[in-house]
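Undergrad: One structure coming up, written as structure tokens, with questions to follow.
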Amino acid sequence: LRMVHYKLTYFDLRGRAESIRQVFAYAGVAFDDVRIPRDKWPELKPQTPFGQLPLLEVDGAPIAQSTAILRFLGKQFELTGKTPLEQAKLDMVVDQMNDFAADIKQFMMVSIGFAQGDKEALYKDLFLPNRDKHFALLVKNITGDFILGHITWADIHLANSLEGLVSKMPDVLDGFPSLKAYMERVHNTPRLRAYLSTRPAAPF
Amino acid sequence: FSAISQSTMPAYKLYYFSIRGLGEVPRQILALADVKFENVGITKEQWPEFKSKTPFGQMPVLEVDGKQIPQSFAIARYVASQHGLAGKTPFEAAWVDALADQYKDFNNDFKKFFYLVLGFGEGDLEAAKLEHGIPARDKFFPLVVKQLKSNGTGFLVGDSVTWVDVLYAEGSSRVAHEVPGFLDDYPEVLEHAKKIHAIPQIKKWIEARPV
């Protein structure tokens with residue numbers, strides 16, 4: 001059995017690569033976790049399919065777009081739904097969370113200093129209403145321990161997304177105890193607990 | 001014979017407003033897959049009550065055997081993957097997904113201009129075109145041309161049509177129709193849309209569709 005070689009390229013940040021790293025960690029599969037400095041990016045950019053990171057190379061063949069990468073690895077490592085309908089459920093929840101991220105993007109950019117704006121006003125008028133709407137949908141659609149009856153790439157991704165918000169806004173899950181419990185449940189699985197206790201620090 | 005095939009066929013119902021919008025790609029995938037489905041148009045008056053019955057308070061929603069799937073890409077992938085329209089290998093499927101997500105990223109910027117073109121929302125059309133429309137277009141479409149050329153089959157991924165071809169063809173043809181000349185610098189993209197829309201099942205759907 002030949003081992004597939006995986007190489008993940010991203011910046012030295014959690015960002016859009018962290019869920020992918022955690023899927024590898026959960027599956028116990030080795031990969032090259034390449035973190036490039038910002039000043040190396042301009043020369044690498046045109047060599048990537050979409051001029052963006054993260055990029056996964058599977059025996060040298062590139063795949064772009066973090067969600068596509070996650071879904072691909074989920075299938076490879078059997079961390080996905082067992083039927084098309086189950087897989088569709090994972091897709092729908094993750095797509096909804098991605099919609100949420102797009103909706104609050106302006107606030108997040110200002111919040112981490114990548115754009116100008118009134119952070120307080122955006123927090124009140126953009127972030128909070130969207131948070132309330134989308135978190136209520138998550139609560140409605142995650143009725144068991146995980147989205148399906150077993151942990152999948154989508155749970156690892158969602159728990160990481162929630163944790164990313166908590167790291168910037170510690171009270172963001174107040175009022176959503178089941179989501180807090182869900183995030184902690186995913187992060188308390190042995191491999192992820194080990195991974196989280198040893199991962200490199202990064203601002204986001 | 002037809003009674004047997006009807007009882008083994010899943011009953012598909014697609015719920016959306018009676019516009020193309022986000023419902024059009026799922027409809028075209030169902031048509032392309034030759035899958036019988038009920039195309040349910042929800043009116044503005046019916047929507048508030050129906051909304052609470054959907055998983056995410058949004059449409060489109062596909063109902064299959066009484067179970068619901070929201071999110072247009074999840075629906076497209078679900079139908080496509082069961083009919084050989086989602087890439088022939090896991091790697092191809094990943095590329096179909098990546099191209100779909102790249103399109104969504106593009107649209108999240110582009111819609112700040114395009115929604116004004118379609119008459120939704122308020123704003124300065126010319127300013128939005130300069131600030132959002134043109135930059136989003138010129139960042140995204142060169143990648144599409146690059147992908148079409150490097151794949152070399154006339155389709156975006158592999159050597160046969162996938163659901164992401166349908167997504168791109170609907171998107172680019174809509175833009176070219178609503179903003180004449182806007183994609184003239186990207187003839188390969190317009191050619192791709194023509195090729196996809198010439199596929200018999202899609203051609204038939206487009207000719208017969210209500211909107």
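Note on naming: chains are A, B, ... as they come in the structure tokens, residues start from 1 per chain, ligands start from 1 in the order shown.
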Which chain B residues are at most 6 Å from chain A (counting only C-alpha atoms), as a PyMOL selection string?
TA: chain B and resi 71+74+78+94+97-98
Undergrad: For the atom pair atom CA of Val64 of chain B and atom CA of Asp145 of chain A, what is the interatomic distance in Å to one decimal place?
TA: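 Atom CA of Val64 of chain B sits 24.8 Å away from atom CA of Asp145 of chain A.
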Undergrad: Between A:Met97, A:Met169, A:Leu8, A:Ala115, which has the minimum distance to His157 of chain A (counting only C-alpha atoms)?
TA: A:Met97
Undergrad: Output as JSON, numbers by chain all residues of segment 28-148 of chain A that backbone DSSP marks as strand (DSSP E or B).
TA: {"A": [32, 33, 34, 35, 36, 55, 56, 57, 58, 61, 62, 63, 64]}
Undergrad: Between A:Glu57, A:Asp12, A:Asp174, A:Asp32, which one has atoms that come closest to Asp132 of chain A, using only C-alpha atoms?
TA: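 Smallest distance to Asp132 of chain A is found for A:Asp174.
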Undergrad: Write out as a CSV table (one decimal) with C-alpha atoms, in the first residue's frame all residues of segment 66-165 of chain A that backbone DSSP assigns to helix (DSSP H, G or I).
TA:
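Wrote it out as selection_3.csv, contents follow:
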chain,number,residue,atom,x,y,z
A,66,SER,CA,-10.7,25.2,1.9
A,67,THR,CA,-14.2,23.7,1.9
A,68,ALA,CA,-13.4,21.6,-1.2
A,69,ILE,CA,-10.2,20.4,0.5
A,70,LEU,CA,-12.1,19.5,3.7
A,71,ARG,CA,-14.8,17.6,1.8
A,72,PHE,CA,-12.1,15.7,-0.2
A,73,LEU,CA,-10.2,14.7,2.9
A,74,GLY,CA,-13.4,13.8,4.7
A,75,LYS,CA,-14.1,11.3,2.0
A,76,GLN,CA,-10.5,10.0,2.0
A,84,PRO,CA,-25.4,11.0,-0.2
A,85,LEU,CA,-28.2,12.3,2.0
A,86,GLU,CA,-25.9,12.4,5.0
A,87,GLN,CA,-23.2,14.1,3.0
A,88,ALA,CA,-25.7,16.6,1.8
A,89,LYS,CA,-26.6,17.4,5.4
A,90,LEU,CA,-22.9,18.2,6.1
A,91,ASP,CA,-22.7,20.4,3.0
A,92,MET,CA,-25.8,22.3,3.9
A,93,VAL,CA,-24.7,23.2,7.4
A,94,VAL,CA,-21.2,24.2,6.3
A,95,ASP,CA,-22.5,26.3,3.4
A,96,GLN,CA,-24.8,28.1,5.9
A,97,MET,CA,-21.9,28.8,8.2
A,98,ASN,CA,-19.9,30.1,5.2
A,99,ASP,CA,-22.8,32.4,4.4
A,100,PHE,CA,-22.6,33.6,8.0
A,101,ALA,CA,-18.9,34.3,7.6
A,102,ALA,CA,-19.6,36.2,4.3
A,103,ASP,CA,-22.4,38.2,6.1
A,105,LYS,CA,-17.0,39.7,6.9
A,106,GLN,CA,-17.0,43.5,7.0
A,107,PHE,CA,-17.1,43.4,10.8
A,108,MET,CA,-14.3,40.8,11.0
A,109,MET,CA,-12.0,42.7,8.7
A,110,VAL,CA,-12.4,45.8,10.8
A,111,SER,CA,-12.0,43.8,14.0
A,119,LYS,CA,-16.1,48.5,15.0
A,120,GLU,CA,-18.7,49.2,17.7
A,121,ALA,CA,-21.5,50.0,15.2
A,122,LEU,CA,-20.6,47.0,13.0
A,123,TYR,CA,-20.6,44.7,16.1
A,124,LYS,CA,-24.1,45.9,17.0
A,125,ASP,CA,-25.7,46.3,13.6
A,126,LEU,CA,-24.0,43.6,11.5
A,127,PHE,CA,-22.4,41.0,13.8
A,128,LEU,CA,-25.0,40.4,16.5
A,129,PRO,CA,-28.1,40.1,14.4
A,130,ASN,CA,-26.3,37.6,12.1
A,131,ARG,CA,-24.8,35.7,15.0
A,132,ASP,CA,-28.3,35.3,16.6
A,133,LYS,CA,-29.8,34.2,13.3
A,134,HIS,CA,-27.2,31.7,12.2
A,135,PHE,CA,-26.5,30.3,15.7
A,136,ALA,CA,-30.2,29.6,16.2
A,137,LEU,CA,-30.1,27.7,12.9
A,138,LEU,CA,-27.1,25.7,14.0
A,139,VAL,CA,-28.8,24.8,17.3
A,140,LYS,CA,-31.9,23.7,15.3
A,141,ASN,CA,-29.9,21.5,13.0
A,153,TRP,CA,-15.0,16.9,8.7
A,154,ALA,CA,-18.0,19.3,9.1
A,155,ASP,CA,-18.0,19.1,12.9
A,156,ILE,CA,-14.2,19.6,13.0
A,157,HIS,CA,-14.6,22.7,10.8
A,158,LEU,CA,-17.6,24.1,12.6
A,159,ALA,CA,-16.0,23.6,16.1
A,160,ASN,CA,-12.9,25.4,14.8
A,161,SER,CA,-15.0,28.3,13.4
A,162,LEU,CA,-16.8,28.7,16.7
A,163,GLU,CA,-13.5,28.6,18.6
A,164,GLY,CA,-12.1,31.2,16.3
A,165,LEU,CA,-14.9,33.5,17.2
Undergrad: Find the residue from B:Val145, B:Ala127, B:Ala176, B:Ile196 that sits nearest to Val161 of chain B; use only C-alpha atoms when measuring.
TA: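 Looking at the shortest contact to Val161 of chain B, the residue is B:Ile196.
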Undergrad: Compare B:Pro187, B:Pro200, B:Gly171, B:Gly21 by their minimum atom-to-atom distance to Ala100 of chain B, counting only C-alpha atoms, and give me the closest one.
TA: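 Under the stated criterion, the closest residue is B:Gly171.
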Undergrad: As a VMD selection string, please: the residues near segment 135-141 of chain B (cut-off 10 Å, only C-alpha atoms, same-chain neighbours under 6 positions excluded).
TA: (chain A and resid 50 to 51) or (chain B and resid 102 to 103 105 to 113 129 147 172 182 to 183 185 to 186 188 to 189)
Undergrad: Fewer than 6 positions away in the same chain doesn't count, so skip those; otherwise give me all residues within 6 Å of Pro54 of chain A, counting only C-alpha atoms, as JSON, numbers by chain.
TA: {"A": [9, 10, 17]}
Undergrad: Quick one: distance from atom CA of Gln116 of chain A to atom CA of Glu43 of chain A in Å, one decimal?
TA: 27.7 Å
Undergrad: Which distance in Å separates atom CA of Ala80 of chain B and atom CA of Glu18 of chain A, to one decimal?
TA: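 Straight-line distance from atom CA of Ala80 of chain B to atom CA of Glu18 of chain A works out to 29.0 Å.
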Undergrad: Which residue is closest to Phe17 of chain B? Choose from B:Gly87, B:Gly41, B:Gly154, B:Gly133 and count only C-alpha atoms.
TA: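 Of B:Gly87, B:Gly41, B:Gly154, B:Gly133, the one nearest Phe17 of chain B, counting only C-alpha atoms, is B:Gly41.
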Undergrad: Which neighbours of His150 of chain A fall inside 9 Å, counting only C-alpha atoms, when residues of the same chain fewer than 4 positions from it are skipped, and could you give them as a list in words?
TA: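 The contact residues come out as Leu79, Thr80, Gly81, Asp145 and Phe146 of chain A.
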Undergrad: Restricted to N, CA, C and O atoms, what would the selected residues look like written as a compact mmCIF listing (two decimals), in the first residue's frame?
TA:
# COMPACT_ATOMS: atom_id res chain seq x y z
N LEU A 79 -14.30 10.43 7.24
CA LEU A 79 -14.83 11.34 8.25
C LEU A 79 -15.95 12.12 7.60
O LEU A 79 -15.98 13.35 7.63
N THR A 80 -16.89 11.38 6.98
CA THR A 80 -17.97 12.03 6.26
C THR A 80 -19.25 11.23 6.39
O THR A 80 -19.28 10.22 7.10
N GLY A 81 -20.33 11.69 5.76
CA GLY A 81 -21.58 10.96 5.82
C GLY A 81 -21.49 9.64 5.08
O GLY A 81 -20.68 9.47 4.19
N ASP A 145 -25.07 14.61 19.28
CA ASP A 145 -23.70 14.97 19.67
C ASP A 145 -22.98 15.69 18.54
O ASP A 145 -22.17 16.59 18.78
N PHE A 146 -23.25 15.27 17.29
CA PHE A 146 -22.62 15.86 16.12
C PHE A 146 -23.70 16.11 15.10
O PHE A 146 -24.87 15.82 15.33
Undergrad: Which neighbours of Gln28 of chain B fall inside 8 Å, counting only C-alpha atoms, when residues of the same chain fewer than 4 positions from it are skipped, and could you give them as a ChimeraX atom specification?
TA: /B:24,32,166,202,205
Undergrad: Mind checking which residues fall within 8 Å of Gln22 of chain A, counting only C-alpha atoms, ignoring those fewer than 2 positions away in the same chain, and posting them as an MDAnalysis selection string?
TA: chainID A and resid 18:20 24:26 156 192 195
